[in-house]
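Printed here is start_19.cif (mmCIF, C-alpha atoms):
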```cif
data_run
#
loop_
_atom_site.label_atom_id
_atom_site.label_comp_id
_atom_site.auth_asym_id
_atom_site.auth_seq_id
_atom_site.Cartn_x
_atom_site.Cartn_y
_atom_site.Cartn_z
CA MET A 1 92.09 68.68 76.80
CA ASN A 2 90.14 71.88 77.44
CA THR A 3 89.10 74.62 75.06
CA ILE A 4 88.39 77.72 77.14
CA ALA A 5 86.50 80.79 75.95
CA VAL A 6 87.14 84.15 77.61
CA THR A 7 84.47 86.67 76.68
CA GLY A 8 85.60 90.18 77.52
CA ALA A 9 89.18 89.17 76.79
CA ALA A 10 90.54 92.66 76.14
CA GLY A 11 89.79 93.99 79.63
CA VAL A 12 92.21 94.13 82.57
CA VAL A 13 91.03 90.80 84.00
CA GLY A 14 90.49 89.25 80.57
CA GLN A 15 94.04 89.87 79.38
CA ARG A 16 95.51 88.43 82.55
CA ALA A 17 93.19 85.44 82.18
CA LEU A 18 94.47 84.77 78.66
CA HIS A 19 98.07 84.66 79.82
CA GLN A 20 97.35 82.36 82.74
CA PHE A 21 95.18 80.02 80.65
CA GLY A 22 98.03 79.95 78.15
CA ARG A 23 100.25 78.41 80.83
CA ALA A 24 97.64 76.15 82.44
CA ALA A 25 98.00 72.39 82.29
CA GLY A 26 95.37 70.65 80.20
CA VAL A 27 94.39 73.70 78.14
CA GLU A 28 94.68 73.21 74.40
CA THR A 29 92.96 76.28 72.94
CA VAL A 30 91.84 79.66 74.26
CA VAL A 31 89.11 81.53 72.40
CA ALA A 32 89.42 85.28 73.07
CA ILE A 33 86.19 87.19 72.41
CA ASP A 34 85.77 90.94 72.73
CA ARG A 35 84.15 93.78 70.79
CA SER A 36 87.31 95.88 71.11
CA PRO A 37 89.77 95.85 68.17
CA ARG A 38 92.47 95.15 70.79
CA VAL A 39 91.37 91.53 70.80
CA ASN A 40 93.15 90.93 67.49
CA ARG A 41 96.44 92.13 68.99
CA LEU A 42 96.35 89.88 72.05
CA ARG A 43 99.10 87.28 72.40
CA LEU A 44 99.88 84.38 74.75
CA GLY A 45 103.65 84.94 74.77
CA ASP A 46 105.68 81.76 74.30
CA SER A 47 102.75 79.50 75.20
CA LEU A 48 102.05 76.37 73.13
CA VAL A 49 98.32 76.88 73.65
CA ALA A 50 96.47 77.90 70.49
CA LEU A 51 94.77 81.32 70.56
CA ARG A 52 91.61 82.04 68.54
CA PRO A 53 90.77 85.76 68.72
CA ARG A 54 87.26 86.83 67.68
CA ARG A 55 86.16 90.45 67.54
CA LEU A 56 82.42 90.58 68.14
CA ASP A 57 79.78 91.85 70.52
CA LEU A 58 78.15 89.44 72.92
CA SER A 59 74.79 90.26 71.35
CA ASP A 60 75.97 89.21 67.87
CA ALA A 61 74.21 86.23 66.34
CA VAL A 62 77.58 84.75 65.36
CA LEU A 63 78.62 84.37 69.01
CA ALA A 64 77.53 80.74 68.78
CA ASP A 65 79.99 80.20 65.93
CA ALA A 66 82.81 81.58 68.09
CA LEU A 67 81.88 79.17 70.90
CA ALA A 68 81.88 76.08 68.69
CA GLY A 69 84.04 73.38 70.27
CA VAL A 70 84.39 75.27 73.58
CA ASP A 71 84.26 73.23 76.79
CA VAL A 72 84.21 76.04 79.37
CA ASP A 73 83.15 79.67 79.05
CA VAL A 74 84.47 82.41 81.35
CA PRO A 75 82.41 85.57 80.69
CA LEU A 76 84.28 88.65 81.91
CA ALA A 77 82.67 91.36 79.79
CA GLU A 78 80.95 94.14 81.71
CA ASP A 79 79.10 97.23 80.52
CA PRO A 80 80.45 100.10 82.68
CA ALA A 81 77.33 102.17 82.01
CA HIS A 82 75.05 99.44 83.39
CA ARG A 83 77.14 97.64 86.02
CA GLY A 84 74.52 98.53 88.64
CA ASP A 85 71.57 97.37 86.53
CA PRO A 86 70.45 93.81 87.40
CA THR A 87 68.32 93.53 84.28
CA ALA A 88 71.14 94.53 81.94
CA ALA A 89 73.57 92.17 83.70
CA GLY A 90 71.16 89.28 83.37
CA ASP A 91 70.39 90.03 79.73
CA LEU A 92 74.09 90.07 78.84
CA LEU A 93 74.68 86.68 80.43
CA GLU A 94 71.52 85.24 78.88
CA ASN A 95 72.89 86.15 75.43
CA VAL A 96 76.04 84.19 76.21
CA ILE A 97 74.06 81.26 77.59
CA ALA A 98 71.88 81.10 74.48
CA ALA A 99 75.02 80.76 72.36
CA MET A 100 76.42 78.16 74.77
CA ASN A 101 73.25 76.08 74.53
CA SER A 102 73.44 75.94 70.77
CA THR A 103 77.03 74.72 70.81
CA GLY A 104 76.99 72.41 73.82
CA VAL A 105 79.33 74.31 76.15
CA GLY A 106 79.12 72.30 79.36
CA HIS A 107 80.62 74.51 82.06
CA LEU A 108 80.33 78.17 83.01
CA VAL A 109 82.55 80.20 85.35
CA VAL A 110 80.72 83.31 86.58
CA LEU A 111 82.60 86.24 88.08
CA SER A 112 80.37 87.51 90.87
CA SER A 113 81.43 89.54 93.92
CA ALA A 114 81.64 89.21 97.69
CA THR A 115 79.43 92.30 97.85
CA VAL A 116 76.46 89.93 97.49
CA TYR A 117 76.89 89.00 101.16
CA GLY A 118 76.15 92.59 102.05
CA ALA A 119 77.89 94.79 104.58
CA HIS A 120 76.15 94.44 107.94
CA ALA A 121 77.15 95.02 111.53
CA ASN A 122 76.37 91.37 112.39
CA ASN A 123 78.41 89.82 109.58
CA PRO A 124 80.66 86.98 110.76
CA VAL A 125 84.40 87.57 110.39
CA PRO A 126 85.20 86.01 108.02
CA ILE A 127 82.17 85.22 105.85
CA THR A 128 82.04 81.70 104.40
CA GLU A 129 80.09 80.42 101.42
CA SER A 130 77.48 78.93 103.77
CA GLU A 131 76.26 82.42 104.65
CA PRO A 132 73.16 83.67 102.79
CA ARG A 133 73.29 86.51 100.29
CA ARG A 134 72.18 89.75 101.93
CA PRO A 135 73.12 92.52 99.49
CA ASN A 136 72.48 96.05 100.67
CA ASP A 137 69.46 97.24 98.72
CA GLU A 138 71.00 100.59 97.82
CA LEU A 139 74.02 99.15 95.97
CA GLY A 140 72.87 98.22 92.48
CA TYR A 141 76.18 96.52 91.70
CA ALA A 142 75.59 93.84 94.34
CA ALA A 143 72.04 93.32 93.07
CA ALA A 144 73.39 92.93 89.53
CA LYS A 145 75.84 90.25 90.70
CA CYS A 146 73.00 88.40 92.44
CA ARG A 147 71.09 88.49 89.16
CA LEU A 148 74.09 87.00 87.33
CA GLU A 149 74.27 84.19 89.86
CA ASP A 150 70.54 83.49 89.54
CA VAL A 151 70.61 83.38 85.74
CA ALA A 152 73.62 81.07 85.76
CA ALA A 153 72.16 78.77 88.42
CA ALA A 154 68.88 78.44 86.53
CA TRP A 155 70.79 77.50 83.36
CA ALA A 156 72.98 74.94 85.14
CA GLU A 157 69.96 73.28 86.76
CA THR A 158 67.97 73.17 83.51
CA GLN A 159 70.85 71.88 81.40
CA GLY A 160 72.46 69.64 84.01
CA ALA A 161 75.64 71.61 83.35
CA GLY A 162 78.60 72.65 85.49
CA LEU A 163 78.76 76.03 87.20
CA SER A 164 81.46 77.82 89.22
CA ILE A 165 80.40 81.04 90.94
CA MET A 166 83.40 83.08 92.05
CA ARG A 167 82.98 85.80 94.69
CA PRO A 168 86.13 87.92 94.98
CA THR A 169 86.72 90.54 97.61
CA THR A 170 88.03 94.05 96.77
CA THR A 171 90.45 93.67 93.85
CA LEU A 172 93.51 95.80 93.12
CA SER A 173 96.81 95.58 91.26
CA GLU A 174 99.63 97.75 89.98
CA ARG A 175 97.57 98.37 86.82
CA GLY A 176 94.65 99.83 88.71
CA ALA A 177 91.69 99.15 90.96
CA SER A 178 88.45 97.36 90.27
CA TRP A 179 85.34 99.51 90.23
CA VAL A 180 84.41 98.38 93.74
CA ALA A 181 87.91 99.11 95.05
CA ALA A 182 87.92 102.61 93.54
CA ALA A 183 84.50 103.37 95.02
CA ILE A 184 85.49 102.12 98.47
CA ARG A 185 88.73 104.10 98.42
CA ALA A 186 86.79 107.27 97.63
CA ALA A 187 84.22 106.60 100.34
CA ALA A 188 86.89 105.72 102.92
CA SER A 189 88.52 109.14 102.70
CA VAL A 190 85.82 110.33 105.11
CA ARG A 191 84.88 107.78 107.77
CA THR A 192 82.62 107.78 110.78
CA ASP A 193 84.16 108.16 114.21
CA GLN A 194 83.09 104.59 115.08
CA SER A 195 83.99 102.85 111.79
CA ASP A 196 87.04 100.58 111.72
CA PRO A 197 86.09 97.27 110.07
CA PRO A 198 88.72 94.79 108.89
CA VAL A 199 89.59 95.03 105.19
CA GLN A 200 90.91 92.75 102.42
CA PHE A 201 92.57 93.44 99.08
CA LEU A 202 92.94 90.80 96.38
CA HIS A 203 95.48 91.03 93.55
CA HIS A 204 94.12 90.72 90.02
CA ASP A 205 96.58 87.88 89.36
CA ASP A 206 95.21 85.93 92.33
CA LEU A 207 91.67 86.49 91.08
CA VAL A 208 92.62 85.18 87.64
CA SER A 209 94.44 82.15 89.03
CA ALA A 210 91.22 81.29 90.89
CA LEU A 211 89.27 81.52 87.61
CA VAL A 212 91.82 79.20 86.00
CA VAL A 213 91.48 76.63 88.81
CA ALA A 214 87.69 76.75 88.52
CA ALA A 215 87.68 76.43 84.73
CA THR A 216 90.33 73.73 84.32
CA GLY A 217 89.11 71.76 87.33
CA ARG A 218 85.41 72.17 86.40
CA LEU A 219 84.64 73.16 89.99
CA HIS A 220 80.97 73.09 90.98
CA GLY A 221 79.43 75.52 93.43
CA THR A 222 80.28 78.88 94.98
CA TYR A 223 83.78 79.95 95.97
CA ASN A 224 85.06 83.03 97.78
CA VAL A 225 88.29 84.47 96.41
CA SER A 226 90.40 86.38 98.90
CA PRO A 227 93.90 86.63 100.34
CA ASP A 228 94.70 84.82 103.56
CA GLY A 229 93.33 86.79 106.49
CA TRP A 230 92.68 90.52 106.53
CA ILE A 231 94.06 93.86 107.72
CA GLY A 232 92.97 95.07 111.15
CA PRO A 233 92.23 98.73 112.04
CA GLU A 234 95.64 99.68 113.45
CA ALA A 235 97.59 98.06 110.61
CA PHE A 236 95.34 99.69 108.02
CA ARG A 237 95.83 103.14 109.50
CA LEU A 238 99.59 102.66 109.27
CA LEU A 239 99.37 101.47 105.66
CA ALA A 240 97.04 104.28 104.62
CA GLY A 241 99.60 106.83 105.78
CA SER A 242 97.54 109.98 105.29
CA PRO A 243 95.06 110.77 108.07
CA GLN A 244 91.38 110.08 107.44
CA VAL A 245 88.67 112.60 108.22
CA ARG A 246 86.57 111.32 111.13
CA VAL A 247 83.01 112.61 111.54
CA PRO A 248 79.77 111.42 113.17
CA GLU A 249 77.80 108.90 111.12
CA GLY A 250 75.01 111.27 110.04
CA ILE A 251 77.48 113.92 108.89
CA ASN A 252 79.51 111.24 107.09
CA ASP A 253 76.49 110.25 105.00
CA ARG A 254 75.69 113.87 104.15
CA LEU A 255 79.28 114.57 103.10
CA LEU A 256 79.34 111.54 100.81
CA MET A 257 75.97 112.48 99.29
CA ALA A 258 77.16 116.04 98.70
CA GLY A 259 80.40 114.83 97.14
CA ARG A 260 78.43 112.54 94.85
CA ARG A 261 76.13 115.35 93.69
CA LEU A 262 79.04 117.73 93.09
CA GLY A 263 81.21 115.12 91.38
CA ILE A 264 83.94 115.46 94.02
CA ARG A 265 83.96 111.75 94.91
CA SER A 266 83.03 108.83 92.68
CA THR A 267 80.96 107.10 95.35
CA PRO A 268 77.92 105.21 94.02
CA GLU A 269 74.69 104.97 95.95
CA GLY A 270 74.87 102.28 98.60
CA ILE A 271 78.66 101.96 98.98
CA GLU A 272 78.70 103.51 102.48
CA PRO A 273 77.90 100.30 104.44
CA TYR A 274 80.87 98.56 102.80
CA VAL A 275 83.16 101.10 104.44
CA ARG A 276 81.32 101.02 107.76
CA HIS A 277 80.73 97.29 108.35
CA PRO A 278 82.85 94.13 108.00
CA TRP A 279 82.56 91.93 104.89
CA VAL A 280 85.85 90.04 104.72
CA VAL A 281 85.57 86.51 103.33
CA ALA A 282 87.22 83.14 103.94
CA ASN A 283 89.07 81.30 101.14
CA ASP A 284 89.27 77.83 102.72
CA ARG A 285 86.91 76.14 100.27
CA LEU A 286 88.87 77.23 97.20
CA ARG A 287 92.18 76.40 98.88
CA ARG A 288 91.03 72.79 99.24
CA HIS A 289 91.12 72.58 95.43
CA GLY A 290 94.77 73.56 95.25
CA TRP A 291 94.42 77.32 94.82
CA ALA A 292 96.57 79.64 96.92
CA PRO A 293 97.01 83.44 96.80
CA ARG A 294 100.46 84.81 95.98
CA TYR A 295 99.90 88.19 97.62
CA THR A 296 98.80 89.38 101.03
CA SER A 297 96.30 92.20 101.53
CA GLU A 298 99.12 94.44 102.74
CA GLU A 299 101.23 93.79 99.64
CA VAL A 300 98.33 94.53 97.31
CA TYR A 301 97.33 97.73 99.09
CA VAL A 302 100.77 99.34 98.90
CA MET A 303 101.35 98.54 95.20
#
```
So that I can check it, write out the structure of this file as structure tokens.
Amino acid sequence: MNTIAVTGAAGVVGQRALHQFGRAAGVETVVAIDRSPRVNRLRLGDSLVALRPRRLDLSDAVLADALAGVDVDVPLAEDPAHRGDPTAAGDLLENVIAAMNSTGVGHLVVLSSATVYGAHANNPVPITESEPRRPNDELGYAAAKCRLEDVAAAWAETQGAGLSIMRPTTTLSERGASWVAAAIRAAASVRTDQSDPPVQFLHHDDLVSALVVAATGRLHGTYNVSPDGWIGPEAFRLLAGSPQVRVPEGINDRLLMAGRRLGIRSTPEGIEPYVRHPWVVANDRLRRHGWAPRYTSEEVYVM
């Protein structure tokens, strides 16, 4: 039987993860860790899985106590103020790993991002896990996810432990958009006159079900998480409904920069290539382990 720890359990993804772990076969206990007081109000519904909520910060010395008896850790906590800082991302995960080492946690599931592949004109469609990481230098978020992967991989190699690296595409749901999705939506409101890459949208529930498969199955390696296929240019224009402003590429970049300076659009530095170039990913490798998405890109986009 598995005891699963979810650090960052009070967030949008964390709460969904608790509910799905509560229904997963082979899970006996879920340890919910978060610094928010909401963690003490979390419930697993009518699940028979035991829930152990712990309110604490991931830098607390007692984190090791909370991880005692845990088999798999799924760290989902993220500092919004430093999500584009590779050093801060690595430090946060290293705190968790130090606690894991002292308690013998043997498997880690890291939530990375498909942005680590980078958005380039010569990207294959779709991108598979065999492709190298080529994050666009300007997007700190992608660099931070690469740092997470590197820290986790170094730990797994040193400890001889298990590691699942999950790389989801743009994630949305009826409860809101991921940070990447919100940034891309803002940037896509003004597009170049030659920019029509394919797009994907993943539902939060499908992301979480992939985390559950990785944790309960102790999957090793890197796995893309995406819906089946993608939305082509014509279909996306129909779904978007409202017309998009089309401008030459140089003017597009200046408009986005101006909007960023004036606070009109929440577009971080470096997001422009992800609107201009293809970076849709294949999910075949994860599907071979029994995972399947419930939602299509089209269904997620119109929610």
Exercise for the section: Carefully work through the PyMOL selection byres ((chain A and resi 166) around 10) for this structure and note down the residues it includes, as a ChimeraX atom specification. Expected result: /A:109-114,149,163-165,167-169,207,210-211,214,221-225,286
Handout entry: Contacts of A:Ala66 at 10 Å (all atoms listed in the file; same-chain gap of 3+ positions) as a VMD selection string
Key = chain A and resid 5 31 to 33 52 to 56 61 to 63 69 to 70 99 to 100 103
Hits from the PyMOL selection byres ((chain A and resi 159) around 12), listed as a short mmCIF file (atom, residue, chain, number, x, y, z; two decimals) with C-alpha atoms, keeping the file's coordinate frame:
```cif
data_model
loop_
_atom_site.label_atom_id
_atom_site.label_comp_id
_atom_site.auth_asym_id
_atom_site.auth_seq_id
_atom_site.Cartn_x
_atom_site.Cartn_y
_atom_site.Cartn_z
CA ILE A 97 74.06 81.26 77.59
CA ALA A 98 71.88 81.10 74.48
CA MET A 100 76.42 78.16 74.77
CA ASN A 101 73.25 76.08 74.53
CA SER A 102 73.44 75.94 70.77
CA GLY A 104 76.99 72.41 73.82
CA VAL A 105 79.33 74.31 76.15
CA GLY A 106 79.12 72.30 79.36
CA HIS A 107 80.62 74.51 82.06
CA LEU A 108 80.33 78.17 83.01
CA ALA A 152 73.62 81.07 85.76
CA ALA A 153 72.16 78.77 88.42
CA ALA A 154 68.88 78.44 86.53
CA TRP A 155 70.79 77.50 83.36
CA ALA A 156 72.98 74.94 85.14
CA GLU A 157 69.96 73.28 86.76
CA THR A 158 67.97 73.17 83.51
CA GLY A 160 72.46 69.64 84.01
CA ALA A 161 75.64 71.61 83.35
CA GLY A 162 78.60 72.65 85.49
CA LEU A 163 78.76 76.03 87.20
#
```
Handout entry: Expected selection from the PyMOL selection byres ((chain A and resi 27) around 9), given as an MDAnalysis selection string
Key = chainID A and resid 1:4 21:26 28:30 49:50 216
Fill in the blank from the handout: Judged by only C-alpha atoms, the minimum distance to A:Trp230 among A:Tyr274, A:Tyr141, A:Tyr295, A:Phe201 is found for A:Phe201
Exercise for the section: Counting only C-alpha atoms, figure out which residue out of A:Asp284, A:Pro135, A:Asp60, A:Ser209 gets nearest to A:His120. Expected result: A:Pro135
Practice task
Write out as a PyMOL selection string the residues lying within 6 Å of A:Arg147, counting only C-alpha atoms and excluding same-chain residues fewer than 2 positions away.
Solution key: chain A and resi 86+90+144-145+149-150
Practice task
Using only C-alpha atoms, pick whichever of A:Val72, A:Asp57, A:Pro278, A:His204 has the shortest atom-to-atom distance to A:Leu219.
Solution key: A:Val72
Practice task
Tell me, in Å to one decimal, how far atom CA of A:Asp34 is from atom CA of A:Ala17.
Solution key: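 Distance between the two atoms: 13.2 Å.
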Handout entry: Neighbour residues at most 12 Å from (75.7, 81.5, 104.1) (only C-alpha atoms) as a ChimeraX atom specification
Key = /A:114,116-118,123-124,126-134,222-224,281-282
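With distances taken over all atoms listed in the file, A:Gly270 is the one residue among A:Arg287, A:Asp205, A:Pro293, A:Gly270 lying closest to A:Leu139.
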Practice task
Counting only C-alpha atoms, figure out which residue out of A:Leu58, A:Leu202, A:Val6, A:Ile231 gets nearest to A:Asp71.
Solution key: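 Going through A:Leu58, A:Leu202, A:Val6, A:Ile231 one by one, the smallest distance to A:Asp71 is for A:Val6.
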Exercise for the section: Name the closest residue to A:Asp91 among the candidates A:Val151, A:Gly140, A:Glu299, A:Gly8; distances are taken between atoms, counting all atoms listed in the file. Expected result: A:Val151
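Atom CA of A:Thr170 lies 10.3 Å from atom CA of A:Tyr301.
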Handout entry: Straight-line distance linking atom CA of A:Ser36 with atom CA of A:Ala143, stated in Å to one decimal
Key =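 That distance, rounded to one decimal, is 26.9 Å.
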Handout entry: All residues 10 Å or closer to A:Arg41, only C-alpha atoms, same chain fewer than 3 positions away omitted, as a PyMOL selection string
Key = chain A and resi 10+37-38+53
Is it possible to add all heavy atoms to stretch 83-94 of chain A and hand it back as a PDB file, keeping the file's coordinate frame?
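Contents of the output file selection21.pdb:
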```pdb
ATOM      1  N   ARG A  83      76.645  98.645  85.068  1.00  0.00           N
ATOM      2  CA  ARG A  83      77.140  97.640  86.020  1.00  0.00           C
ATOM      3  C   ARG A  83      76.258  97.557  87.268  1.00  0.00           C
ATOM      4  O   ARG A  83      76.322  96.588  88.001  1.00  0.00           O
ATOM      5  CB  ARG A  83      78.580  97.940  86.426  1.00  0.00           C
ATOM      6  CG  ARG A  83      78.836  99.283  87.049  1.00  0.00           C
ATOM      7  CD  ARG A  83      80.227  99.344  87.712  1.00  0.00           C
ATOM      8  NE  ARG A  83      81.298  99.000  86.829  1.00  0.00           N
ATOM      9  CZ  ARG A  83      82.077  99.864  86.173  1.00  0.00           C
ATOM     10  NH1 ARG A  83      81.815 101.164  86.292  1.00  0.00           N
ATOM     11  NH2 ARG A  83      83.065  99.463  85.422  1.00  0.00           N
ATOM     12  N   GLY A  84      75.429  98.577  87.513  1.00  0.00           N
ATOM     13  CA  GLY A  84      74.520  98.530  88.640  1.00  0.00           C
ATOM     14  C   GLY A  84      73.101  98.202  88.250  1.00  0.00           C
ATOM     15  O   GLY A  84      72.173  98.382  89.043  1.00  0.00           O
ATOM     16  N   ASP A  85      72.908  97.676  87.043  1.00  0.00           N
ATOM     17  CA  ASP A  85      71.570  97.370  86.530  1.00  0.00           C
ATOM     18  C   ASP A  85      71.389  95.857  86.475  1.00  0.00           C
ATOM     19  O   ASP A  85      71.942  95.190  85.587  1.00  0.00           O
ATOM     20  CB  ASP A  85      71.419  97.975  85.127  1.00  0.00           C
ATOM     21  CG  ASP A  85      70.027  97.778  84.551  1.00  0.00           C
ATOM     22  OD1 ASP A  85      69.305  96.882  85.026  1.00  0.00           O
ATOM     23  OD2 ASP A  85      69.673  98.502  83.602  1.00  0.00           O
ATOM     24  N   PRO A  86      70.624  95.269  87.394  1.00  0.00           N
ATOM     25  CA  PRO A  86      70.450  93.810  87.400  1.00  0.00           C
ATOM     26  C   PRO A  86      69.867  93.261  86.107  1.00  0.00           C
ATOM     27  O   PRO A  86      70.257  92.190  85.643  1.00  0.00           O
ATOM     28  CB  PRO A  86      69.517  93.570  88.581  1.00  0.00           C
ATOM     29  CG  PRO A  86      69.711  94.744  89.477  1.00  0.00           C
ATOM     30  CD  PRO A  86      69.976  95.900  88.545  1.00  0.00           C
ATOM     31  N   THR A  87      68.942  94.002  85.517  1.00  0.00           N
ATOM     32  CA  THR A  87      68.320  93.530  84.280  1.00  0.00           C
ATOM     33  C   THR A  87      69.335  93.461  83.148  1.00  0.00           C
ATOM     34  O   THR A  87      69.412  92.467  82.412  1.00  0.00           O
ATOM     35  CB  THR A  87      67.145  94.439  83.874  1.00  0.00           C
ATOM     36  OG1 THR A  87      66.169  94.441  84.921  1.00  0.00           O
ATOM     37  CG2 THR A  87      66.497  93.951  82.589  1.00  0.00           C
ATOM     38  N   ALA A  88      70.132  94.513  83.007  1.00  0.00           N
ATOM     39  CA  ALA A  88      71.140  94.530  81.940  1.00  0.00           C
ATOM     40  C   ALA A  88      72.175  93.434  82.157  1.00  0.00           C
ATOM     41  O   ALA A  88      72.606  92.773  81.203  1.00  0.00           O
ATOM     42  CB  ALA A  88      71.824  95.901  81.895  1.00  0.00           C
ATOM     43  N   ALA A  89      72.593  93.220  83.405  1.00  0.00           N
ATOM     44  CA  ALA A  89      73.570  92.170  83.700  1.00  0.00           C
ATOM     45  C   ALA A  89      73.014  90.800  83.326  1.00  0.00           C
ATOM     46  O   ALA A  89      73.703  89.971  82.717  1.00  0.00           O
ATOM     47  CB  ALA A  89      73.953  92.205  85.174  1.00  0.00           C
ATOM     48  N   GLY A  90      71.768  90.560  83.688  1.00  0.00           N
ATOM     49  CA  GLY A  90      71.160  89.280  83.370  1.00  0.00           C
ATOM     50  C   GLY A  90      70.983  89.073  81.877  1.00  0.00           C
ATOM     51  O   GLY A  90      71.216  87.972  81.352  1.00  0.00           O
ATOM     52  N   ASP A  91      70.576  90.137  81.179  1.00  0.00           N
ATOM     53  CA  ASP A  91      70.390  90.030  79.730  1.00  0.00           C
ATOM     54  C   ASP A  91      71.692  89.700  79.023  1.00  0.00           C
ATOM     55  O   ASP A  91      71.719  88.892  78.084  1.00  0.00           O
ATOM     56  CB  ASP A  91      69.822  91.346  79.168  1.00  0.00           C
ATOM     57  CG  ASP A  91      68.371  91.582  79.572  1.00  0.00           C
ATOM     58  OD1 ASP A  91      67.738  90.630  80.091  1.00  0.00           O
ATOM     59  OD2 ASP A  91      67.888  92.710  79.391  1.00  0.00           O
ATOM     60  N   LEU A  92      72.791  90.321  79.459  1.00  0.00           N
ATOM     61  CA  LEU A  92      74.090  90.070  78.840  1.00  0.00           C
ATOM     62  C   LEU A  92      74.484  88.608  79.002  1.00  0.00           C
ATOM     63  O   LEU A  92      74.927  87.958  78.043  1.00  0.00           O
ATOM     64  CB  LEU A  92      75.145  90.985  79.470  1.00  0.00           C
ATOM     65  CG  LEU A  92      76.512  91.037  78.793  1.00  0.00           C
ATOM     66  CD1 LEU A  92      76.415  91.625  77.402  1.00  0.00           C
ATOM     67  CD2 LEU A  92      77.489  91.857  79.642  1.00  0.00           C
ATOM     68  N   LEU A  93      74.317  88.076  80.206  1.00  0.00           N
ATOM     69  CA  LEU A  93      74.680  86.680  80.430  1.00  0.00           C
ATOM     70  C   LEU A  93      73.740  85.741  79.700  1.00  0.00           C
ATOM     71  O   LEU A  93      74.162  84.700  79.185  1.00  0.00           O
ATOM     72  CB  LEU A  93      74.669  86.363  81.930  1.00  0.00           C
ATOM     73  CG  LEU A  93      75.097  84.940  82.308  1.00  0.00           C
ATOM     74  CD1 LEU A  93      76.496  84.623  81.785  1.00  0.00           C
ATOM     75  CD2 LEU A  93      75.051  84.745  83.826  1.00  0.00           C
ATOM     76  N   GLU A  94      72.472  86.093  79.601  1.00  0.00           N
ATOM     77  CA  GLU A  94      71.520  85.240  78.880  1.00  0.00           C
ATOM     78  C   GLU A  94      71.876  85.140  77.404  1.00  0.00           C
ATOM     79  O   GLU A  94      71.667  84.089  76.775  1.00  0.00           O
ATOM     80  CB  GLU A  94      70.103  85.761  79.073  1.00  0.00           C
ATOM     81  CG  GLU A  94      69.545  85.434  80.455  1.00  0.00           C
ATOM     82  CD  GLU A  94      68.190  86.057  80.716  1.00  0.00           C
ATOM     83  OE1 GLU A  94      67.814  86.983  79.960  1.00  0.00           O
ATOM     84  OE2 GLU A  94      67.517  85.624  81.672  1.00  0.00           O
TER      85      GLU A  94
END
```
